[in-house]
Amino acid sequence: QAWLLRGRLLMASAKYADANAAFKRVTDGAPGQVSVPEEILALSGQAEALLAQNDVKSAAGVVKLMKLRHQNTIIAHYLQGRLALQNGDAQTAVNEFRIVTNAAPDNVAMKSLLGAALLAQGSHEQALATLSEVVAQNPADQNARKLLAQAQLSDNKPDDARRTLLGVADAANTDAQADWLMAISLMETGDVKGSISFLEKSVAAAPANTPAQLALARAYLSNRQYEQARVLLEKLAPDKRDASSQRLQVMAQIGGKTGPEATRELEELVKANPTDADLLAIAGVYASISGDTAHASRYFAQALQSNPENVTAHLGSASLAARASDFKTATAHFQAILARDPKHQQAMLGLASIALRQGKTADARQWL
């Protein structure tokens with residue numbers, strides 16, 4: 001009992017490794033020295049401590065032992081649900097938590113877990129009903145309110161989500177997830193400035209949260225705060241930069257500018273990133289949209305030199321070539337895409353369009 005108490009106290013202090021060691025002292029006890037209830041509590045505590053450390057593999061071993069020794073206990077079903085939810089197996093988690101909530105219908109914490117599993121499964125209406133019940137029973141449960149807000153956003157009810165988050169996401173609290181959800185709620189109701197304030201708060205609380213950083217950059221761009229967007233995007237870690245962030249960076253760089261000024265900005269961006277295929281390809285798209293085919297062609301060529309498999313650059317090059325009636329070059333670019341992705345719709349439609357322009361109706365049908 002002393003080790004069980006020690007384990008609980010350590011869990012409460014978030015000292016999960018030490019808590020696991022304390023619970024293990026109980027489960028490793030000699031046969032006959034540990035009662036069945038004590039072993040169940042110790043195994044449960046051990047699994048919880050391991051899951052808190054994200055040690056899913058070791059937790060699975062403890063859950064397996066629980067199933068072997070105490071298969072029909074509610075705690076065994078609860079642990080299997082927790083493990084399944086952390087492993088991304090939402091269906092199993094839902095099944096296990098339903099068993100638990102059917103056996104303990106007044107347990108609000110278990111209902112909250114069932115709601116989280118239903119949300120992860122994509123059963124938004126059921127999640128909404130379950131989590132609404134949880135919040136009604138325990139309005140102070142901030143985690144349940146955040147889950148309910150997620151369900152409401154998934155059900156296209158941003159006003160409801162905003163009301164649910166009041167008191168959870170506010171100036172006095174520092175909860176990056178709540179701020180992030182409130183920002184989405186406000187953005188979807190058209191309050192861009194309000195969304196920006198919560199996104200800034202969320203990013204400040206969790207500076208490594210790349211989705212929040214990108215959402216803030218998009219919000220800045222929507223509000224024409226191009227310089228703030230540019231500075232934010234430049235701070236992204238190199239391994240977090242992808243085609244989406246590069247697109248935003250180009251928009252920030254040329255935002256509010258037209259004609260020669262936009263061209264100069266693009267050129268500066270390309271000079272600073274001469275081998276970044278994604279950025280080069282997106283710069284090519286913007287140059288093409290602006291009617292600057294010379295720069296667009298050069299950017300696409302540079303992108304393909306850096307990465308011969310860049311789909312955006314192939315599509316851009318094909319579009320420019322088709323526009324100039326250079327069907328051979330356009331076909332080669334579309335074929336390069338189909339070599340890697342035989343069902344790429346844009347490439348297939350491109351080849352059909354070229355065939356039709358050449359009067360080859362039968363060939364066009366092949367691609368359509």
# chains A, B, ... in the order shown; residues from 1 in each chain; ligands from 1

call {"tool": "residues_around", "arguments": {"residues": "A:Thr293", "least_positions_apart": "2", "cutoff": "12 Å", "atoms": "only C-alpha atoms", "output": "MDAnalysis selection string"}}
result
chainID A and resid 263 283:291 295:300 316:317 319:321 323:324

call {"tool": "select_by_dssp", "arguments": {"residues": "stretch 101-341 of chain A", "states": "alpha helix (DSSP H)", "output": "PyMOL selection string"}}
result
chain A and resi 101-103+108-121+124-137+142-154+158-165+176-188+192-205+210-222+226-234+243-254+259-272+277-289+293-306+311-323+327-340

call {"tool": "residues_around", "arguments": {"residues": "stretch 140-146 of chain A", "least_positions_apart": "3", "cutoff": "9 Å", "atoms": "only C-alpha atoms", "output": "MDAnalysis selection string"}}
result
chainID A and resid 109 112:113 115:116 131:132 134:135 149:151 161 164:165 167:168 177:178 181

call {"tool": "write_last_selection", "arguments": {"atoms": "all heavy atoms", "output": "compact mmCIF listing (two decimals), in the first residue's frame"}}
result
# COMPACT_ATOMS: atom_id res chain seq x y z
N ALA A 109 -15.78 11.35 -16.34
CA ALA A 109 -14.44 11.27 -16.95
C ALA A 109 -14.42 10.23 -18.06
O ALA A 109 -13.79 10.44 -19.11
CB ALA A 109 -13.41 10.94 -15.88
N SER A 112 -16.16 11.52 -21.10
CA SER A 112 -15.29 12.46 -21.81
C SER A 112 -14.33 11.72 -22.72
O SER A 112 -14.10 12.13 -23.87
CB SER A 112 -14.52 13.32 -20.79
OG SER A 112 -13.77 14.31 -21.44
N LEU A 113 -13.78 10.61 -22.22
CA LEU A 113 -12.88 9.80 -23.05
C LEU A 113 -13.63 9.19 -24.22
O LEU A 113 -13.10 9.10 -25.34
CB LEU A 113 -12.23 8.70 -22.19
CG LEU A 113 -11.09 9.15 -21.28
CD1 LEU A 113 -10.71 8.04 -20.32
CD2 LEU A 113 -9.87 9.55 -22.12
N GLY A 115 -16.20 10.53 -25.67
CA GLY A 115 -16.39 11.63 -26.60
C GLY A 115 -15.14 11.90 -27.43
O GLY A 115 -15.23 12.13 -28.64
N ALA A 116 -13.97 11.84 -26.78
CA ALA A 116 -12.71 12.05 -27.50
C ALA A 116 -12.50 10.96 -28.55
O ALA A 116 -12.04 11.24 -29.67
CB ALA A 116 -11.55 12.06 -26.51
N LEU A 131 -20.21 14.81 -25.54
CA LEU A 131 -19.42 15.86 -24.89
C LEU A 131 -20.31 16.98 -24.36
O LEU A 131 -19.98 17.60 -23.34
CB LEU A 131 -18.38 16.40 -25.86
CG LEU A 131 -17.27 15.39 -26.21
CD1 LEU A 131 -16.49 15.83 -27.43
CD2 LEU A 131 -16.33 15.20 -25.03
N SER A 132 -21.44 17.24 -25.02
CA SER A 132 -22.38 18.24 -24.50
C SER A 132 -22.91 17.79 -23.15
O SER A 132 -23.07 18.60 -22.22
CB SER A 132 -23.55 18.42 -25.48
OG SER A 132 -23.11 18.99 -26.69
N VAL A 134 -21.34 15.81 -21.05
CA VAL A 134 -20.23 15.90 -20.09
C VAL A 134 -20.10 17.34 -19.56
O VAL A 134 -20.00 17.57 -18.35
CB VAL A 134 -18.90 15.45 -20.73
CG1 VAL A 134 -17.72 15.76 -19.81
CG2 VAL A 134 -18.93 13.96 -21.05
N VAL A 135 -20.11 18.31 -20.49
CA VAL A 135 -19.94 19.71 -20.10
C VAL A 135 -21.13 20.19 -19.27
O VAL A 135 -20.97 20.96 -18.33
CB VAL A 135 -19.73 20.60 -21.34
CG1 VAL A 135 -19.77 22.07 -20.98
CG2 VAL A 135 -18.38 20.25 -22.00
N ALA A 149 -15.69 21.90 -28.15
CA ALA A 149 -15.46 22.95 -29.15
C ALA A 149 -14.95 22.34 -30.46
O ALA A 149 -15.37 22.77 -31.56
CB ALA A 149 -14.48 23.98 -28.62
N GLN A 150 -14.07 21.35 -30.37
CA GLN A 150 -13.59 20.67 -31.57
C GLN A 150 -14.74 20.01 -32.31
O GLN A 150 -14.84 20.07 -33.54
CB GLN A 150 -12.54 19.62 -31.20
CG GLN A 150 -11.21 20.18 -30.76
CD GLN A 150 -10.22 19.07 -30.46
OE1 GLN A 150 -9.98 18.19 -31.28
NE2 GLN A 150 -9.66 19.08 -29.26
N ALA A 151 -15.62 19.34 -31.54
CA ALA A 151 -16.78 18.68 -32.16
C ALA A 151 -17.69 19.71 -32.81
O ALA A 151 -18.22 19.48 -33.91
CB ALA A 151 -17.53 17.88 -31.10
N ALA A 161 -18.91 26.92 -30.72
CA ALA A 161 -17.55 26.64 -30.23
C ALA A 161 -17.00 27.84 -29.47
O ALA A 161 -16.38 27.69 -28.41
CB ALA A 161 -16.64 26.28 -31.40
N THR A 164 -18.58 27.96 -26.08
CA THR A 164 -18.07 26.87 -25.25
C THR A 164 -16.71 27.22 -24.66
O THR A 164 -16.40 26.85 -23.53
CB THR A 164 -17.96 25.57 -26.08
OG1 THR A 164 -19.28 25.18 -26.50
CG2 THR A 164 -17.34 24.43 -25.27
N LEU A 165 -15.90 27.95 -25.43
CA LEU A 165 -14.53 28.24 -25.02
C LEU A 165 -14.40 29.47 -24.13
O LEU A 165 -13.32 29.74 -23.59
CB LEU A 165 -13.65 28.43 -26.26
CG LEU A 165 -13.39 27.15 -27.08
CD1 LEU A 165 -12.86 27.51 -28.46
CD2 LEU A 165 -12.43 26.23 -26.35
N GLY A 167 -14.03 31.66 -21.15
CA GLY A 167 -13.53 31.32 -19.82
C GLY A 167 -12.37 30.34 -19.87
O GLY A 167 -11.58 30.25 -18.94
N VAL A 168 -12.27 29.57 -20.97
CA VAL A 168 -11.13 28.65 -21.15
C VAL A 168 -10.05 29.37 -21.94
O VAL A 168 -8.88 29.35 -21.58
CB VAL A 168 -11.55 27.36 -21.89
CG1 VAL A 168 -10.38 26.39 -21.98
CG2 VAL A 168 -12.72 26.69 -21.19
N GLN A 177 -3.88 25.29 -26.75
CA GLN A 177 -4.90 24.58 -27.52
C GLN A 177 -6.23 25.33 -27.51
O GLN A 177 -6.88 25.46 -28.55
CB GLN A 177 -5.11 23.17 -26.96
CG GLN A 177 -6.07 22.33 -27.80
CD GLN A 177 -6.41 21.01 -27.16
OE1 GLN A 177 -6.23 20.81 -25.97
NE2 GLN A 177 -6.90 20.07 -27.97
N ALA A 178 -6.61 25.84 -26.34
CA ALA A 178 -7.86 26.60 -26.25
C ALA A 178 -7.78 27.87 -27.11
O ALA A 178 -8.75 28.22 -27.81
CB ALA A 178 -8.15 26.96 -24.79
N LEU A 181 -8.19 26.91 -30.77
CA LEU A 181 -9.58 26.61 -31.12
C LEU A 181 -10.42 27.89 -31.18
O LEU A 181 -11.26 28.04 -32.07
CB LEU A 181 -10.17 25.63 -30.09
CG LEU A 181 -9.61 24.21 -30.13
CD1 LEU A 181 -10.04 23.43 -28.89
CD2 LEU A 181 -10.05 23.49 -31.40

call {"tool": "closest_residue", "arguments": {"among": "A:Thr27, A:Asn87, A:Thr73, A:Thr331", "to": "A:Leu51", "atoms": "only C-alpha atoms"}}
result
A:Asn87

call {"tool": "residues_around", "arguments": {"residues": "A:Ala49", "least_positions_apart": "5", "cutoff": "8 Å", "atoms": "only C-alpha atoms", "output": "PyMOL selection string"}}
result
chain A and resi 11+16-17+19-20

call {"tool": "decode", "arguments": {"residues": "stretch 230-245 of chain A", "atoms": "N, CA, C and O atoms", "output": "PDB file, in the first residue's frame"}}
result
ATOM      1  N   ARG A 230       5.717  37.800 -43.113  1.00  0.00           N
ATOM      2  CA  ARG A 230       7.059  37.482 -43.631  1.00  0.00           C
ATOM      3  C   ARG A 230       8.026  37.173 -42.495  1.00  0.00           C
ATOM      4  O   ARG A 230       8.757  36.180 -42.544  1.00  0.00           O
ATOM      5  N   VAL A 231       8.019  37.999 -41.448  1.00  0.00           N
ATOM      6  CA  VAL A 231       8.920  37.799 -40.308  1.00  0.00           C
ATOM      7  C   VAL A 231       8.622  36.461 -39.626  1.00  0.00           C
ATOM      8  O   VAL A 231       9.533  35.708 -39.273  1.00  0.00           O
ATOM      9  N   LEU A 232       7.337  36.161 -39.453  1.00  0.00           N
ATOM     10  CA  LEU A 232       6.946  34.908 -38.796  1.00  0.00           C
ATOM     11  C   LEU A 232       7.409  33.695 -39.598  1.00  0.00           C
ATOM     12  O   LEU A 232       7.962  32.741 -39.049  1.00  0.00           O
ATOM     13  N   LEU A 233       7.198  33.731 -40.912  1.00  0.00           N
ATOM     14  CA  LEU A 233       7.548  32.598 -41.768  1.00  0.00           C
ATOM     15  C   LEU A 233       9.057  32.392 -41.851  1.00  0.00           C
ATOM     16  O   LEU A 233       9.531  31.263 -41.998  1.00  0.00           O
ATOM     17  N   GLU A 234       9.819  33.475 -41.752  1.00  0.00           N
ATOM     18  CA  GLU A 234      11.288  33.359 -41.782  1.00  0.00           C
ATOM     19  C   GLU A 234      11.814  32.641 -40.539  1.00  0.00           C
ATOM     20  O   GLU A 234      12.913  32.091 -40.545  1.00  0.00           O
ATOM     21  N   LYS A 235      11.025  32.645 -39.457  1.00  0.00           N
ATOM     22  CA  LYS A 235      11.450  32.004 -38.211  1.00  0.00           C
ATOM     23  C   LYS A 235      11.156  30.503 -38.188  1.00  0.00           C
ATOM     24  O   LYS A 235      11.581  29.814 -37.257  1.00  0.00           O
ATOM     25  N   LEU A 236      10.423  30.007 -39.192  1.00  0.00           N
ATOM     26  CA  LEU A 236      10.117  28.576 -39.219  1.00  0.00           C
ATOM     27  C   LEU A 236      11.399  27.755 -39.313  1.00  0.00           C
ATOM     28  O   LEU A 236      12.314  28.084 -40.069  1.00  0.00           O
ATOM     29  N   ALA A 237      11.457  26.670 -38.547  1.00  0.00           N
ATOM     30  CA  ALA A 237      12.617  25.773 -38.615  1.00  0.00           C
ATOM     31  C   ALA A 237      12.710  25.180 -40.019  1.00  0.00           C
ATOM     32  O   ALA A 237      11.684  24.885 -40.639  1.00  0.00           O
ATOM     33  N   PRO A 238      13.932  25.003 -40.542  1.00  0.00           N
ATOM     34  CA  PRO A 238      14.092  24.491 -41.913  1.00  0.00           C
ATOM     35  C   PRO A 238      13.348  23.183 -42.166  1.00  0.00           C
ATOM     36  O   PRO A 238      12.789  22.980 -43.248  1.00  0.00           O
ATOM     37  N   ASP A 239      13.311  22.283 -41.171  1.00  0.00           N
ATOM     38  CA  ASP A 239      12.656  20.995 -41.382  1.00  0.00           C
ATOM     39  C   ASP A 239      11.128  21.108 -41.337  1.00  0.00           C
ATOM     40  O   ASP A 239      10.424  20.127 -41.595  1.00  0.00           O
ATOM     41  N   LYS A 240      10.615  22.287 -41.005  1.00  0.00           N
ATOM     42  CA  LYS A 240       9.170  22.490 -40.959  1.00  0.00           C
ATOM     43  C   LYS A 240       8.654  23.214 -42.202  1.00  0.00           C
ATOM     44  O   LYS A 240       7.454  23.434 -42.347  1.00  0.00           O
ATOM     45  N   ARG A 241       9.536  23.571 -43.092  1.00  0.00           N
ATOM     46  CA  ARG A 241       9.129  24.298 -44.290  1.00  0.00           C
ATOM     47  C   ARG A 241       8.707  23.312 -45.381  1.00  0.00           C
ATOM     48  O   ARG A 241       9.410  22.362 -45.670  1.00  0.00           O
ATOM     49  N   ASP A 242       7.536  23.549 -45.957  1.00  0.00           N
ATOM     50  CA  ASP A 242       7.042  22.710 -47.029  1.00  0.00           C
ATOM     51  C   ASP A 242       6.401  23.590 -48.097  1.00  0.00           C
ATOM     52  O   ASP A 242       6.496  24.817 -48.045  1.00  0.00           O
ATOM     53  N   ALA A 243       5.734  22.955 -49.057  1.00  0.00           N
ATOM     54  CA  ALA A 243       5.148  23.723 -50.153  1.00  0.00           C
ATOM     55  C   ALA A 243       4.122  24.733 -49.643  1.00  0.00           C
ATOM     56  O   ALA A 243       4.018  25.851 -50.152  1.00  0.00           O
ATOM     57  N   SER A 244       3.378  24.355 -48.608  1.00  0.00           N
ATOM     58  CA  SER A 244       2.366  25.255 -48.056  1.00  0.00           C
ATOM     59  C   SER A 244       3.001  26.501 -47.451  1.00  0.00           C
ATOM     60  O   SER A 244       2.564  27.627 -47.725  1.00  0.00           O
ATOM     61  N   SER A 245       4.034  26.307 -46.647  1.00  0.00           N
ATOM     62  CA  SER A 245       4.692  27.461 -46.022  1.00  0.00           C
ATOM     63  C   SER A 245       5.414  28.308 -47.066  1.00  0.00           C
ATOM     64  O   SER A 245       5.453  29.543 -46.950  1.00  0.00           O
TER      65      SER A 245
END
